[in-house]
$ cat protein_10.txt   # compact mmCIF, C-alpha atoms and all ligand atoms
# COMPACT_ATOMS: atom_id res chain seq x y z
CA LEU A 18 30.90 -24.88 14.28
CA PRO A 19 27.46 -25.10 12.69
CA ASP A 20 27.12 -26.01 9.01
CA VAL A 21 26.30 -22.46 7.90
CA PHE A 22 29.64 -21.30 9.26
CA MET A 23 31.58 -24.21 7.77
CA ALA A 24 29.96 -23.48 4.42
CA ALA A 25 31.07 -19.85 4.66
CA MET A 26 34.63 -20.71 5.70
CA PRO A 27 36.02 -20.85 2.12
CA VAL A 28 34.69 -17.33 1.58
CA LEU A 29 36.74 -16.02 4.50
CA LYS A 30 39.73 -18.10 3.40
CA THR A 31 39.52 -16.59 -0.08
CA LEU A 32 39.68 -13.11 1.42
CA GLU A 33 42.63 -14.14 3.61
CA ASP A 34 44.45 -15.67 0.63
CA GLY A 35 44.06 -12.28 -1.04
CA SER A 36 46.00 -11.01 2.00
CA PHE A 37 42.99 -9.32 3.59
CA GLU A 38 41.55 -9.78 7.04
CA ALA A 39 38.14 -11.43 7.34
CA TYR A 40 35.85 -12.20 10.27
CA PHE A 41 32.39 -13.40 11.06
CA VAL A 42 30.66 -10.54 12.84
CA GLY A 43 27.42 -9.33 14.38
CA GLY A 44 24.29 -11.30 15.08
CA SER A 45 25.54 -14.60 13.69
CA VAL A 46 28.48 -14.77 16.11
CA ARG A 47 26.19 -13.87 19.00
CA ASP A 48 23.69 -16.51 17.91
CA ILE A 49 26.13 -19.44 17.62
CA LEU A 50 27.50 -18.63 21.05
CA LEU A 51 23.92 -18.76 22.32
CA GLY A 52 23.18 -21.95 20.40
CA ARG A 53 20.45 -20.21 18.48
CA HIS A 54 19.43 -20.97 14.94
CA ILE A 55 21.41 -18.90 12.45
CA HIS A 56 19.71 -17.58 9.35
CA ASP A 57 22.57 -15.67 7.77
CA VAL A 58 26.22 -14.96 8.46
CA ASP A 59 27.69 -11.49 8.16
CA ILE A 60 31.31 -11.11 7.15
CA ALA A 61 33.54 -8.10 7.75
CA THR A 62 36.80 -7.57 5.91
CA SER A 63 39.65 -5.13 5.42
CA ALA A 64 39.20 -5.47 1.63
CA TYR A 65 37.45 -2.63 -0.20
CA PRO A 66 34.26 -3.52 -2.07
CA GLU A 67 36.06 -3.45 -5.44
CA GLU A 68 38.72 -5.80 -4.08
CA VAL A 69 36.06 -8.16 -2.74
CA LYS A 70 34.40 -8.25 -6.15
CA GLU A 71 37.66 -9.17 -7.86
CA LEU A 72 38.12 -12.19 -5.61
CA PHE A 73 34.75 -13.80 -6.41
CA ASP A 74 33.10 -14.82 -9.68
CA LYS A 75 29.63 -13.71 -8.75
CA SER A 76 28.69 -10.70 -6.68
CA ILE A 77 25.96 -8.14 -6.33
CA ASP A 78 26.43 -4.50 -5.33
CA THR A 79 23.98 -4.52 -2.46
CA GLY A 80 25.17 -1.42 -0.70
CA ILE A 81 28.47 -0.47 -2.23
CA LYS A 82 28.29 3.03 -0.75
CA HIS A 83 28.16 1.51 2.72
CA GLY A 84 30.77 -1.05 1.81
CA THR A 85 28.53 -4.07 1.37
CA VAL A 86 28.87 -6.57 -1.44
CA THR A 87 26.82 -9.74 -1.63
CA VAL A 88 28.91 -12.66 -2.82
CA LEU A 89 27.34 -15.78 -4.28
CA TYR A 90 29.30 -18.85 -3.38
CA ASN A 91 28.27 -22.51 -3.66
CA GLY A 92 24.60 -21.61 -4.00
CA GLU A 93 24.63 -19.41 -0.91
CA SER A 94 24.82 -15.65 -0.63
CA TYR A 95 27.03 -13.80 1.83
CA GLU A 96 27.05 -10.15 2.78
CA ILE A 97 30.62 -8.94 2.98
CA THR A 98 31.13 -5.49 4.46
CA THR A 99 34.34 -3.51 4.51
CA PHE A 100 35.51 -2.47 7.99
CA ARG A 101 34.02 0.96 8.51
CA THR A 102 33.18 3.67 10.97
CA GLU A 103 30.24 5.98 10.78
CA SER A 104 30.29 9.69 11.26
CA GLY A 105 28.14 12.78 11.04
CA TYR A 106 24.94 11.55 12.64
CA GLN A 107 23.03 14.68 11.73
CA ASP A 108 19.57 14.12 13.05
CA PHE A 109 19.60 11.06 15.29
CA ARG A 110 19.26 8.81 12.30
CA ARG A 111 21.61 6.89 10.08
CA PRO A 112 25.03 8.38 9.56
CA ASP A 113 25.66 10.78 6.70
CA HIS A 114 28.65 8.94 5.48
CA VAL A 115 30.79 5.97 6.27
CA THR A 116 34.54 5.85 6.30
CA PHE A 117 36.33 2.65 5.47
CA VAL A 118 39.00 1.71 7.97
CA GLN A 119 41.77 -0.84 8.01
CA ASN A 120 41.16 -2.42 11.34
CA LEU A 121 38.48 -4.50 12.92
CA ASP A 122 38.47 -2.62 16.25
CA GLU A 123 37.07 0.56 14.73
CA ASP A 124 34.38 -1.47 13.00
CA LEU A 125 33.32 -3.21 16.21
CA LYS A 126 33.16 0.10 18.07
CA ARG A 127 30.38 1.44 15.82
CA ARG A 128 28.08 -1.50 16.60
CA ASP A 129 25.09 -1.07 18.88
CA PHE A 130 25.37 -3.57 21.71
CA THR A 131 28.28 -5.48 23.20
CA ILE A 132 26.69 -8.81 22.31
CA ASN A 133 26.47 -7.63 18.68
CA ALA A 134 30.07 -6.43 18.62
CA LEU A 135 31.78 -9.81 18.69
CA ALA A 136 33.88 -11.12 15.82
CA MET A 137 35.23 -14.59 15.06
CA ASN A 138 38.15 -15.53 12.83
CA THR A 139 38.68 -18.64 10.72
CA ASP A 140 40.25 -20.45 13.69
CA GLY A 141 37.08 -19.91 15.71
CA GLU A 142 38.80 -17.38 17.98
CA ILE A 143 36.57 -14.65 19.35
CA VAL A 144 37.47 -10.97 19.34
CA ASP A 145 35.71 -9.36 22.30
CA LEU A 146 36.64 -5.73 22.93
CA PHE A 147 33.67 -4.71 25.09
CA ASP A 148 33.02 -7.70 27.36
CA GLY A 149 30.30 -8.97 25.06
CA LEU A 150 31.02 -12.55 26.13
CA ASP A 151 30.42 -11.62 29.75
CA ASP A 152 27.17 -9.92 28.80
CA LEU A 153 26.09 -12.96 26.78
CA HIS A 154 26.76 -15.03 29.86
CA HIS A 155 24.78 -12.68 32.10
CA GLN A 156 22.09 -12.24 29.45
CA LEU A 157 22.54 -8.51 29.33
CA ILE A 158 22.02 -5.96 26.59
CA ARG A 159 24.45 -3.12 27.06
CA ALA A 160 25.35 -0.41 24.59
CA VAL A 161 28.88 -0.28 23.26
CA GLY A 162 30.39 2.80 24.91
CA ASN A 163 28.23 5.52 26.40
CA PRO A 164 24.57 4.59 25.82
CA GLU A 165 23.45 8.21 25.84
CA THR A 166 25.87 9.09 23.04
CA ARG A 167 24.98 5.99 21.07
CA PHE A 168 21.23 6.71 21.23
CA HIS A 169 21.84 10.27 20.12
CA GLU A 170 23.73 8.93 17.11
CA ASP A 171 20.93 6.59 16.16
CA ALA A 172 17.69 6.56 18.14
CA LEU A 173 16.47 3.35 16.53
CA ARG A 174 18.93 1.56 18.79
CA MET A 175 16.53 2.15 21.69
CA MET A 176 13.89 0.08 19.91
CA ARG A 177 16.51 -2.49 18.97
CA ALA A 178 17.35 -2.83 22.67
CA VAL A 179 13.82 -3.85 23.65
CA ARG A 180 13.53 -5.99 20.51
CA PHE A 181 16.62 -8.02 21.46
CA MET A 182 15.31 -8.26 25.04
CA SER A 183 12.25 -9.99 23.67
CA GLN A 184 14.00 -12.19 21.11
CA LEU A 185 16.86 -13.33 23.32
CA LYS A 186 15.12 -13.28 26.72
CA PHE A 187 17.78 -10.87 28.00
CA SER A 188 17.62 -7.90 30.38
CA LEU A 189 18.80 -4.38 29.75
CA GLY A 190 21.93 -3.11 31.44
CA GLU A 191 21.11 -0.49 34.05
CA LYS A 192 22.76 2.46 32.27
CA THR A 193 21.38 1.41 28.93
CA GLU A 194 17.83 1.31 30.32
CA GLN A 195 18.31 4.65 32.08
CA ALA A 196 19.58 6.23 28.86
CA ILE A 197 16.47 5.04 27.04
CA ALA A 198 14.23 6.48 29.75
CA ASP A 199 16.12 9.79 29.53
CA ASN A 200 16.10 10.01 25.73
CA HIS A 201 12.97 8.26 24.52
CA GLU A 202 11.79 11.39 22.67
CA LEU A 203 14.60 10.94 20.16
CA LEU A 204 12.57 8.08 18.71
CA LYS A 205 10.31 10.69 17.09
CA LYS A 206 13.09 11.30 14.55
CA ILE A 207 12.96 7.75 13.26
CA SER A 208 10.79 6.61 10.36
CA VAL A 209 7.67 4.68 11.26
CA GLU A 210 8.65 1.74 9.08
CA ARG A 211 11.90 1.17 10.95
CA ILE A 212 10.19 1.52 14.33
CA ARG A 213 7.45 -0.83 13.22
CA ASP A 214 9.85 -3.58 12.18
CA GLU A 215 11.51 -3.51 15.60
CA PHE A 216 8.16 -3.19 17.39
CA VAL A 217 6.82 -6.29 15.67
CA LYS A 218 9.94 -8.30 16.49
CA MET A 219 9.59 -7.16 20.10
CA GLY A 220 5.87 -7.93 20.19
CA ILE A 221 6.12 -11.47 18.89
CA GLY A 222 9.39 -12.52 20.53
CA PRO A 223 9.46 -15.19 23.24
CA ASN A 224 10.06 -12.60 25.97
CA SER A 225 7.68 -10.02 24.56
CA ARG A 226 5.72 -9.33 27.71
CA GLU A 227 8.82 -8.39 29.73
CA ALA A 228 10.18 -6.35 26.82
CA PHE A 229 6.84 -4.60 26.42
CA GLN A 230 6.91 -3.64 30.10
CA VAL A 231 10.26 -1.93 29.56
CA PHE A 232 8.91 -0.33 26.37
CA LEU A 233 6.20 1.21 28.59
CA ASP A 234 8.36 1.96 31.65
CA THR A 235 10.99 3.84 29.65
CA LYS A 236 8.19 5.75 27.88
CA LEU A 237 9.39 4.66 24.45
CA SER A 238 5.72 3.87 23.87
CA GLU A 239 4.90 7.59 24.06
CA ASP A 240 6.84 8.25 20.85
CA VAL A 241 5.29 5.73 18.49
CA PRO A 242 2.09 6.22 16.44
CA ASP A 243 -1.18 6.35 18.40
CA PHE A 244 0.31 5.16 21.69
CA GLU A 245 0.76 8.58 23.30
CA GLY A 246 -1.07 8.79 26.63
CA LYS A 247 -2.19 5.17 26.27
CA SER A 248 0.18 3.38 28.62
CA GLU A 249 -2.63 2.58 31.04
CA LEU A 250 -4.55 0.65 28.38
CA LEU A 251 -1.37 -0.94 27.06
CA SER A 252 -0.26 -2.04 30.53
CA VAL A 253 -2.49 -5.09 30.09
CA TYR A 254 -0.11 -6.43 27.44
CA PRO A 255 2.62 -7.56 29.88
CA LYS A 256 -0.04 -9.41 31.89
CA LEU A 257 -1.34 -11.48 28.98
CA GLN A 258 -1.45 -15.24 29.30
CA PHE A 259 0.88 -15.88 26.37
CA SER A 260 2.99 -13.98 23.90
CA PRO A 261 1.59 -13.64 20.42
CA THR A 262 3.69 -15.38 17.80
CA LEU A 263 1.86 -13.99 14.78
CA GLU A 264 2.03 -10.43 13.54
CA THR A 265 -1.72 -10.40 12.88
CA SER A 266 -2.34 -11.47 16.47
CA LEU A 267 -0.06 -8.75 17.78
CA TRP A 268 -1.84 -5.94 15.90
CA SER A 269 -5.28 -7.33 16.74
CA ILE A 270 -4.44 -7.49 20.45
CA ILE A 271 -3.06 -3.95 20.46
CA ILE A 272 -6.21 -2.68 18.74
CA ILE A 273 -8.44 -4.50 21.20
CA LEU A 274 -6.47 -3.18 24.20
CA LEU A 275 -6.56 0.36 22.84
CA LYS A 276 -10.32 -0.02 22.28
CA ILE A 277 -9.97 1.34 18.77
CA GLN A 278 -13.34 1.61 17.02
CA ASN A 279 -13.90 -0.47 13.90
CA ASP A 280 -13.92 2.55 11.62
CA LYS A 281 -10.58 3.71 13.04
CA ILE A 282 -8.68 0.45 12.59
CA GLY A 283 -7.69 1.37 9.03
CA LYS A 284 -6.28 4.68 10.19
CA PHE A 285 -4.32 3.04 13.00
CA MET A 286 -2.84 0.46 10.65
CA ARG A 287 -1.96 3.14 8.09
CA ASP A 288 -0.33 5.29 10.78
CA TRP A 289 1.98 2.35 11.36
CA LYS A 290 2.48 1.98 7.60
CA ASN A 291 1.15 -1.55 7.54
CA SER A 292 0.21 -3.18 4.24
CA ASN A 293 -3.40 -3.33 3.04
CA ALA A 294 -3.29 -7.11 3.28
CA MET A 295 -2.21 -6.98 6.92
CA THR A 296 -4.85 -4.34 7.66
CA ASN A 297 -7.53 -6.49 6.08
CA ASP A 298 -6.58 -9.58 8.05
CA VAL A 299 -6.51 -7.62 11.30
CA GLU A 300 -9.85 -5.92 10.64
CA GLN A 301 -11.45 -9.30 10.11
CA ILE A 302 -9.94 -10.76 13.27
CA VAL A 303 -11.06 -7.84 15.43
CA ALA A 304 -14.54 -7.92 13.92
CA PHE A 305 -14.92 -11.62 14.61
CA PHE A 306 -13.50 -11.16 18.11
CA ASP A 307 -16.22 -8.58 18.77
CA LEU A 308 -18.84 -10.91 17.36
CA LEU A 309 -17.64 -13.75 19.60
CA SER A 310 -17.90 -11.56 22.69
CA ASP A 311 -21.46 -10.74 21.67
CA HIS A 312 -23.01 -14.05 20.64
CA VAL A 313 -22.34 -17.58 19.46
CA PRO A 314 -21.82 -17.31 15.69
CA SER A 315 -24.33 -18.82 13.31
CA ASP A 316 -23.18 -21.28 10.67
CA TYR A 317 -23.48 -18.55 8.08
CA GLU A 318 -21.25 -16.24 10.16
CA LEU A 319 -18.68 -19.02 10.45
CA PHE A 320 -18.81 -19.47 6.69
CA ILE A 321 -18.33 -15.75 6.04
CA THR A 322 -15.48 -15.58 8.54
CA GLY A 323 -13.52 -18.39 6.96
CA LYS A 324 -10.96 -20.72 8.44
CA LYS A 325 -7.97 -18.39 8.53
CA THR A 326 -9.76 -15.63 10.46
CA LEU A 327 -11.48 -18.18 12.69
CA LEU A 328 -8.17 -19.76 13.75
CA ASN A 329 -6.44 -16.39 14.13
CA THR A 330 -9.27 -15.04 16.27
CA ILE A 331 -9.18 -18.12 18.47
CA ASP A 332 -5.44 -17.47 18.90
CA VAL A 333 -6.10 -13.86 19.90
CA ALA A 334 -8.91 -14.78 22.31
CA HIS A 335 -6.67 -17.39 23.88
CA ILE A 336 -3.84 -14.90 24.44
CA LEU A 337 -6.26 -12.35 25.88
CA GLY A 338 -7.68 -14.95 28.23
CA GLN A 339 -11.14 -14.58 26.70
CA PRO A 340 -13.06 -17.85 27.08
CA VAL A 341 -14.05 -19.36 23.74
CA ASP A 342 -15.07 -22.91 22.98
CA SER A 343 -12.51 -23.18 20.22
CA GLU A 344 -12.95 -26.90 19.68
CA ALA A 345 -16.66 -26.57 19.14
CA LEU A 346 -16.18 -23.64 16.77
CA VAL A 347 -13.60 -25.47 14.68
CA ASP A 348 -15.72 -28.64 14.62
CA ARG A 349 -18.73 -26.64 13.51
CA TYR A 350 -16.71 -24.91 10.82
CA LEU A 351 -15.33 -28.21 9.53
CA ALA A 352 -18.85 -29.63 9.40
CA LEU A 353 -20.18 -26.82 7.19
CA PRO A 354 -21.76 -28.26 4.00
CA ILE A 355 -19.74 -25.81 1.92
CA LYS A 356 -16.69 -23.71 2.85
CA ASN A 357 -16.62 -21.63 -0.31
CA SER A 358 -19.27 -20.03 -2.49
CA ASN A 359 -18.01 -21.93 -5.53
CA GLU A 360 -18.82 -25.22 -3.79
CA LEU A 361 -22.52 -24.47 -4.15
CA ALA A 362 -24.10 -27.10 -6.44
CA VAL A 363 -25.84 -24.45 -8.56
CA ASP A 364 -25.01 -21.08 -10.08
CA GLY A 365 -26.92 -18.21 -11.73
CA ARG A 366 -27.12 -20.03 -15.02
CA PHE A 367 -28.80 -23.00 -13.37
CA LEU A 368 -31.42 -20.68 -11.88
CA ILE A 369 -32.11 -19.09 -15.28
CA GLU A 370 -32.39 -22.51 -16.92
CA ASN A 371 -34.96 -23.30 -14.25
CA GLY A 372 -37.14 -20.35 -15.04
CA VAL A 373 -35.76 -17.58 -12.79
CA ARG A 374 -35.58 -14.25 -14.61
CA PRO A 375 -32.21 -12.51 -14.73
CA GLY A 376 -32.01 -9.43 -12.51
CA PRO A 377 -31.42 -8.35 -8.92
CA LYS A 378 -33.89 -10.94 -7.62
CA LEU A 379 -31.70 -13.70 -8.99
CA GLY A 380 -28.75 -12.59 -6.90
CA LYS A 381 -30.96 -12.41 -3.83
CA LEU A 382 -32.34 -15.88 -4.45
CA LEU A 383 -28.87 -17.31 -4.95
CA ASN A 384 -27.79 -15.83 -1.65
CA GLU A 385 -30.86 -17.21 0.07
CA ILE A 386 -30.05 -20.66 -1.32
CA LYS A 387 -26.48 -20.36 -0.11
CA GLN A 388 -27.62 -19.45 3.40
CA LYS A 389 -30.05 -22.35 3.52
CA VAL A 390 -27.40 -24.79 2.30
CA ILE A 391 -24.92 -23.53 4.90
CA SER A 392 -27.44 -23.77 7.73
CA GLY A 393 -28.32 -27.32 6.61
CA GLU A 394 -31.93 -26.48 5.73
CA LEU A 395 -31.33 -27.29 2.09
CA GLU A 396 -29.32 -30.11 0.59
CA ASN A 397 -26.48 -28.97 -1.67
CA THR A 398 -27.67 -30.82 -4.80
CA GLU A 399 -29.19 -29.64 -8.07
CA ASP A 400 -32.25 -31.76 -7.39
CA ALA A 401 -32.98 -30.35 -3.95
CA ILE A 402 -32.26 -26.79 -5.01
CA GLY A 403 -34.30 -27.18 -8.23
CA GLU A 404 -37.26 -28.35 -6.18
CA TYR A 405 -36.82 -25.41 -3.80
CA ILE A 406 -36.98 -22.93 -6.69
CA GLN A 407 -40.16 -24.46 -8.08
CA ALA A 408 -41.87 -24.26 -4.68
P1 LIG A 501 19.01 -10.42 13.53
O1 LIG A 501 19.11 -11.78 14.10
O2 LIG A 501 17.73 -9.77 13.77
O3 LIG A 501 19.46 -10.30 12.09
P2 LIG A 501 21.39 -8.91 13.99
O4 LIG A 501 22.18 -8.66 15.24
O5 LIG A 501 22.07 -9.66 12.91
O6 LIG A 501 20.05 -9.58 14.43
P3 LIG A 501 21.01 -6.84 12.07
O7 LIG A 501 19.99 -5.76 12.05
O8 LIG A 501 20.96 -7.88 11.02
O9 LIG A 501 20.92 -7.50 13.51
O10 LIG A 501 22.43 -6.11 12.07
C1 LIG A 501 23.65 -6.82 11.96
C2 LIG A 501 24.69 -6.19 12.86
O11 LIG A 501 24.93 -4.84 12.47
C3 LIG A 501 24.29 -6.10 14.33
O12 LIG A 501 24.60 -7.29 15.02
C4 LIG A 501 25.11 -4.92 14.81
O13 LIG A 501 26.44 -5.30 15.06
C5 LIG A 501 25.10 -4.00 13.60
N1 LIG A 501 23.98 -3.02 13.62
C6 LIG A 501 22.76 -3.16 13.03
N2 LIG A 501 21.99 -2.07 13.22
C7 LIG A 501 22.73 -1.22 13.96
C8 LIG A 501 22.52 0.09 14.47
N3 LIG A 501 21.35 0.72 14.30
N4 LIG A 501 23.53 0.67 15.17
C9 LIG A 501 24.70 0.03 15.34
N5 LIG A 501 24.98 -1.19 14.89
C10 LIG A 501 24.01 -1.82 14.20
MG MG A 502 21.20 -10.06 10.88
$ encode --input "protein_10.txt" --output "structure tokens" --more "lines below"
Ligand code: ATP
Ligand code: MG
Amino acid sequence: LPDVFMAAMPVLKTLEDGSFEAYFVGGSVRDILLGRHIHDVDIATSAYPEEVKELFDKSIDTGIKHGTVTVLYNGESYEITTFRTESGYQDFRRPDHVTFVQNLDEDLKRRDFTINALAMNTDGEIVDLFDGLDDLHHQLIRAVGNPETRFHEDALRMMRAVRFMSQLKFSLGEKTEQAIADNHELLKKISVERIRDEFVKMGIGPNSREAFQVFLDTKLSEDVPDFEGKSELLSVYPKLQFSPTLETSLWSIIIILLKIQNDKIGKFMRDWKNSNAMTNDVEQIVAFFDLLSDHVPSDYELFITGKKTLLNTIDVAHILGQPVDSEALVDRYLALPIKNSNELAVDGRFLIENGVRPGPKLGKLLNEIKQKVISGELENTEDAIGEYIQA
């Protein structure tokens, strides 16, 4: 067993010594069986949250209502969730309330996909009620139980299906895919933020182009912000040369494919509830992409663009199969006399000391100097710049 599991073993043992049942569950079990990197382990137990808290010195009430306590043990934190079922899915979203149960089977039944419904005990034995091991072997994502029912309970699961397709390089089970195609409109009930998180994971996963094709084929794409009626434009995505690995690249590519005008990028990003910082980065990438398709950038344009946007735009152009001489652009950027305005050898005070009057003209002159330094017409020294002002 990997180190993360061995480190968590005493936590399970502590629960067992308290005469409770305890299992590793969910994504972490799936991921060790696949030999994937594990970032966190989830633990399920028959103990109630209060009982869990009594067994450990340090704990945090992460989601007590839903039965989750985070336990701090040996410098690590573990989410321990009481076996539960969910009931009363009112409007295709999260359940109204959870009911704690005493056995693992009920808990596994509520989980979304068979590969996510595996549990492992302290002896390393796997509990597999829904042929999840078989599906792992065949690289299949199948809903636990009737997919139609499960998507009506929680429509986000449809996005999770294509997200796992992309991340794991799996296919969808036939009935699961059909149920998505038949019920894609339910996605409208889900908050944009939750859809976005799954969309991004799908878009930047290793199998994103195949997953995106299914996202289009099942018409899930019709029920997310600004994609309605756009499947023709978006159908280029599955044909891209590579999958984006950066979120900024993903959004930039989508915006370019959708031919969204510059002044509408902010609206698009807000519709998806993206952060201002993300929106800013993406706006800059798309703007520089447009510039690159129009002309070879000047040194000053490279300076204004900056290294981060330059590299991100090269990434985007590469994925879109747009020819750019990336090496030349990077070399030219690296050779710029200054990369930052504060690297200029002079400032406003220097100009004043050399006889320039304060006012709007000073700012203009400073900018002119900066441009000449960047283009190599003027040496970035006080002497050279001083001489330039006098002349
Ligand atoms: P990741 O590697 O992205 O964390 P994960 O499988 O651990 O993948 P989580 O969202 O962390 O996914 O959820 C943990 C587990 O909880 C899942 O493996 C699944 O068993 C269950 N689960 C999560 N979301 C849902 C849902 N919407 N419906 C049913 N079960 C869910
Ligand atoms: Mg997880």
$ residues_near_ligand --input "protein_10.txt" --ligand "ligand MG 502 (chain A)" --cutoff "7 Å" --atoms "all atoms listed in the file" --output "list in words"
Gly44, Ser45 and Asp57 of chain A
$ closest_residue --input "protein_10.txt" --among "A:Ala198, A:Ser183, A:Glu264, A:Leu346" --to "Leu233 in chain A" --atoms "all atoms listed in the file"
A:Ala198
$ residues_near_ligand --input "protein_10.txt" --ligand "ligand LIG 501 (chain A)" --cutoff "7 Å" --atoms "all atoms listed in the file" --output "MDAnalysis selection string"
chainID A and resid 43:45 127:130 133:134 171 173:174
$ closest_residue --input "protein_10.txt" --among "A:Val21, A:Val347, A:Ile386, A:Val241" --to "Arg213 in chain A" --atoms "only C-alpha atoms"
A:Val241
$ closest_residue --input "protein_10.txt" --among "A:Val115, A:Leu274, A:Leu379, A:Val209" --to "Gly84 in chain A" --atoms "only C-alpha atoms"
A:Val115
$ closest_residue --input "protein_10.txt" --among "A:Thr166, A:Asn397, A:Thr116, A:Ser63" --to "Lys82 in chain A" --atoms "only C-alpha atoms"
A:Thr116
$ closest_residue --input "protein_10.txt" --among "A:Leu51, A:Ile355, A:Leu257, A:Ala64" --to "Asp152 in chain A" --atoms "only C-alpha atoms"
A:Leu51
$ residues_near_point --input "protein_10.txt" --point "(39.6, -18.0, 10.2)" --cutoff "7 Å" --atoms "all atoms listed in the file" --output "VMD selection string"
chain A and resid 29 to 30 40 138 to 141
$ atom_distance --input "protein_10.txt" --atom1 "CA of Lys276 in chain A" --atom2 "CA of Ile207 in chain A"
26.1 Å
$ atom_distance --input "protein_10.txt" --atom1 "CA of Asn329 in chain A" --atom2 "CA of Ile302 in chain A"
6.7 Å
$ decode --input "protein_10.txt" --residues "range 137-158 of chain A" --atoms "C-alpha atoms" --output "PDB file, in the first residue's frame"
ATOM      1  CA  MET A 137     -11.034  -1.097   1.521  1.00  0.00           C
ATOM      2  CA  ASN A 138     -10.538  -2.318   5.075  1.00  0.00           C
ATOM      3  CA  THR A 139      -7.395  -2.333   7.209  1.00  0.00           C
ATOM      4  CA  ASP A 140      -6.395  -5.737   5.807  1.00  0.00           C
ATOM      5  CA  GLY A 141      -6.421  -4.302   2.289  1.00  0.00           C
ATOM      6  CA  GLU A 142      -9.552  -6.271   1.366  1.00  0.00           C
ATOM      7  CA  ILE A 143     -11.829  -4.609  -1.158  1.00  0.00           C
ATOM      8  CA  VAL A 144     -15.587  -4.336  -0.763  1.00  0.00           C
ATOM      9  CA  ASP A 145     -17.095  -4.251  -4.254  1.00  0.00           C
ATOM     10  CA  LEU A 146     -20.887  -4.373  -4.352  1.00  0.00           C
ATOM     11  CA  PHE A 147     -21.447  -3.050  -7.877  1.00  0.00           C
ATOM     12  CA  ASP A 148     -18.698  -4.639  -9.978  1.00  0.00           C
ATOM     13  CA  GLY A 149     -16.547  -1.544  -9.674  1.00  0.00           C
ATOM     14  CA  LEU A 150     -13.394  -3.668  -9.980  1.00  0.00           C
ATOM     15  CA  ASP A 151     -14.605  -5.042 -13.293  1.00  0.00           C
ATOM     16  CA  ASP A 152     -15.356  -1.525 -14.498  1.00  0.00           C
ATOM     17  CA  LEU A 153     -11.927  -0.324 -13.387  1.00  0.00           C
ATOM     18  CA  HIS A 154     -10.469  -3.166 -15.406  1.00  0.00           C
ATOM     19  CA  HIS A 155     -12.550  -2.305 -18.463  1.00  0.00           C
ATOM     20  CA  GLN A 156     -12.013   1.423 -17.916  1.00  0.00           C
ATOM     21  CA  LEU A 157     -15.696   2.127 -17.706  1.00  0.00           C
ATOM     22  CA  ILE A 158     -17.691   4.775 -15.889  1.00  0.00           C
TER      23      ILE A 158
END
